[in-house]
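This report refers to the structure that appears directly beneath it.
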Protein chains: 2
Amino acid sequence: MPEIRKDPVFGQWVIIASERGRRPNEFTLPPNTPTSANCPFCPGREGQTPPTVCERLGPDGKWKIRVVSNKYPALTPDPAPRRGETGPYQSEEGLGIHEVIIETPGHGLHMDRMPEADIADVLSVYIDRVRALKSDPRIKYVMIFKNHGRNAGASLSHPHSQLVGMPMVPTRLSQEIEGAAKYMSERGSCVFCDMAAAELGSGRRLILREGPFVAIAPYASRFSFETWIMPVAHASHFEELPPGDVPALASVLKKVLSMLSDSVDDLAYNLIIHTTPVHAPSAAHYHWHIEIMPKLAHVAGFEWGTGFYINTVSPEEAAETLRSGKKYKG
Amino acid sequence: MPEIRKDPVFGQWVIIASERGRRPNEFTLPPNTPTSANCPFCPGREGQTPPTVCERLGPDGKWKIRVVSNKYPALTPDPAPRRGETGPYQSEEGLGIHEVIIETPGHGLHMDRMPEADIADVLSVYIDRVRALKSDPRIKYVMIFKNHGRNAGASLSHPHSQLVGMPMVPTRLSQEIEGAAKYMSERGSCVFCDMAAAELGSGRRLILREGPFVAIAPYASRFSFETWIMPVAHASHFEELPPGDVPALASVLKKVLSMLSDSVDDLAYNLIIHTTPVHAPSAAHYHWHIEIMPKLAHVAGFEWGTGFYINTVSPEEAAETLRSGKKYKG
């Protein structure tokens with residue numbers, strides 16, 4: 001039964017989820033088999049996943065996107081009663097919702113090569129699920145993320161994303177939001193709006209601009225080829241993205257992922273949607289955005305333990321490499 | 001030339017160090033060759049490292065511990081002038097000292113198998129170097145760390161540690177110190193002292209106690225088999241460890257690393273010494289300690305981007321496994 005424990009020093013929440021250790025790992029299988037013989041996400045094996053939460057059907061009447069509960073959940077809707085506080089320690093119930101969005105029936109059809117309209121459908125499923133989870137008052141934050149490639153921690157290679165609805169705001173997110181609020185109180189503007197404007201102005205760290213969205217290499221990138229995608233106009237909640245803007249976001253996302261895989265061999269990445277806590281009002285200081293963190297090198301103890309990253313590819317070099325389509329030779 | 005950039009949202013410092021990308025990677029060589037044919041840390045190849053900063057000699061008059069500048073430094077003592085602030089951005093000079101401590105002439109003699117007296121000498125070299133760097137008023141923090149195994153980001157396998165003296169306190173460390181100060185103001189005691197007492201009392205997360213030191217599996221462990229070693233009695237500065245206590249620390253460190261390699265196949269870990277900023281006075285609220293973070297699984301985007309870790313081996317199970325010498329079967 002998952003349990004959420006709070007680190008008494010740093011205030012960080014950790015899910016202790018022993019059952020999750022038994023996740024399958026299919027990376028002994030050949031990587032690019034069109035229909036992997038054992039893949040539980042492939043068509044025809046729907047019985048191997050928990051029941052469908054919802055799905056979108058294709059023109060053939062079969063599913064093209066499936067949302068299922070995570071078979072090895074980090075959190076659960078029915079946790080054991082809260083243990084509370086003991087001495088220096090504090091815990092919460094392991095409450096939450098953990099879902100998998102199977103993005104396509106195609107085992108090898110990764111997002112950098114999916115048709116834009118299909119990516120747009122995946123994004124609108126994300127939005128639908130956030131809105132659905134928002135109706136549960138116990139859920140304070142919904143995190144959508146995608147691990148691509150074994151080096152990025154993906155346990156299965158069939159294209160999929162994950163969604164976790166949790167009863168608190170994760171530590172780094174709340175620190176980010178606090179940091180943004182501090183910037184606003186000192187400068188009177190949204191830090192993300194200022195970043196977008198600065199990068200559109202100078203161009204050195206601009207990867208691409210299309211319609212309402214911009215993709216940049218952040219000034220203080222922690223990772224080589226770290227990329228952020230955000231709306232140019234201020235918006236605090238991802239799930240309030242107007243339906244008319246979804247196709248443009250799909251287009252930018254596809255282009256960015258293609259550029260990354262053109263430049264970086266064997267691209268592995270973690271993609272996370274950063275957004276405002278679901279029940280919070282629209283915030284002038286915080287701006288939703290997608291962070292794509294490629295995994296080129298093992299990030300070592302120094303970075304990990306200190307939060308003091310060492311990035312060997314400047315964001316200016318990364319942006320130039322991506323724009324020009326050059327291959328990065330580490 | 002390295003540059004330190006501050007993330008404008010989160011306040012995190014990042015070193016942009018393009019030259020560091022050209023570090024050698026010798027993991028194409030067989031892992032356990034007693035003297036690796038190409039290893040720049042092995043005896044006889046001293047010319048392949050920058051000049052010796054200091055060394056300890058063995059009874060044969062040859063070096064047994066060497067401290068050298070890092071050939072691929074993340075920071076430098078002579079940085080380019082500070083760029084300052086532009087729009088939402090802020091940077092510092094890439095000032096700092098980055099040294100490598102080559103722990104032994106023996107290419108394969110890792111710390112879990114080194115003689116205790118030799119480990120004690122390595123620890124006293126750490127202390128000497130911190131005291132030496134402390135004399136530079138520009139240095140605010142000295143981080144000592146060790147990456148063991150490729151999965152933990154070690155670029156060379158010859159046993160070594162690293163030391164970085166930097167002009168600011170790394171973000172996570174300052175958050176930890178703030179968290180500890182908050183605990184003190186709310187509870188009137190040191191959170192680390194309370195943790196040590198709680199774990200010695202209950203035993204469930206106790207790995208070992210020897211003399212002045214205790215090794216525990218932290219209550220809110222972020223990683224499977226995460227282990228902390230700390231003095232039972234309050235102490236805020238690692239470099240003020242009494243010389244008489246160094247042998248006991250060496251003994252505990254060796255035992256803990258042996259227990260970890262007995263239980264975890266192909267153990268890879270990051271080890272970091274957490275201590276008070278060098279010019280800060282003794283702090284009642286903060287307690288130095290060693291954090292050992294094994295790398296069993298690729299930590300994925302969810303954990304990374306959010307600071308919300310999912311640990312599939314409870315610290316209770318980890319402590320019991322280590323105490324009993326059982327093999328962990330993931």
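If you're wondering about the labels, chains in the structure tokens are A, B, ... by order shown, residues count from 1 in each chain, ligands from 1 in order shown.
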> DSSP on the backbone: what in stretch 13-253 of chain A comes out helix (DSSP H, G or I), as a ChimeraX atom specification?
Replying inline: /A:18-22,46-48,116-134,150-152,171-187,191-202,238-240,243-253
>> Based on the backbone DSSP call, show me all residues of stretch 27-246 of chain A assigned strand (DSSP E), as a ChimeraX atom specification.
In response: /A:52-57,63-69,85-86,89-93,97-102,141-148,160-166,206-210,213-216,227-231
> When distances are computed from only C-alpha atoms, which of B:Val313, B:Leu296, B:Ile290, B:Val100 shows the smallest separation from chain A?
Replying inline: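 Result for the nearest residue to chain A: B:Val313.
The space separating atom CA of B:Ile65 from atom CA of B:Val232 comes to 28.7 Å.
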> In terms of the shortest atom-to-atom distance over only C-alpha atoms, which of B:Met230, B:Ile144, B:Ile207, B:Val252 is closest to chain A?
Replying inline: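 Answer, going by the shortest atom-to-atom distance: B:Ile144.
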> Out of A:Ile177, A:Leu241, A:Met259, A:Ala248, which residue has the shortest atom-to-atom distance to chain B when counting only C-alpha atoms?
Replying inline: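 Residue with the minimum atom-to-atom distance to chain B: A:Ile177.
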>> Which residues are near A:Pro50? Cut-off 12 Å, only C-alpha atoms, ignore same chain within fewer than 2 positions. Put them as a PyMOL selection string.
In response: chain A and resi 40-41+45-48+52-54+66-73+98-100
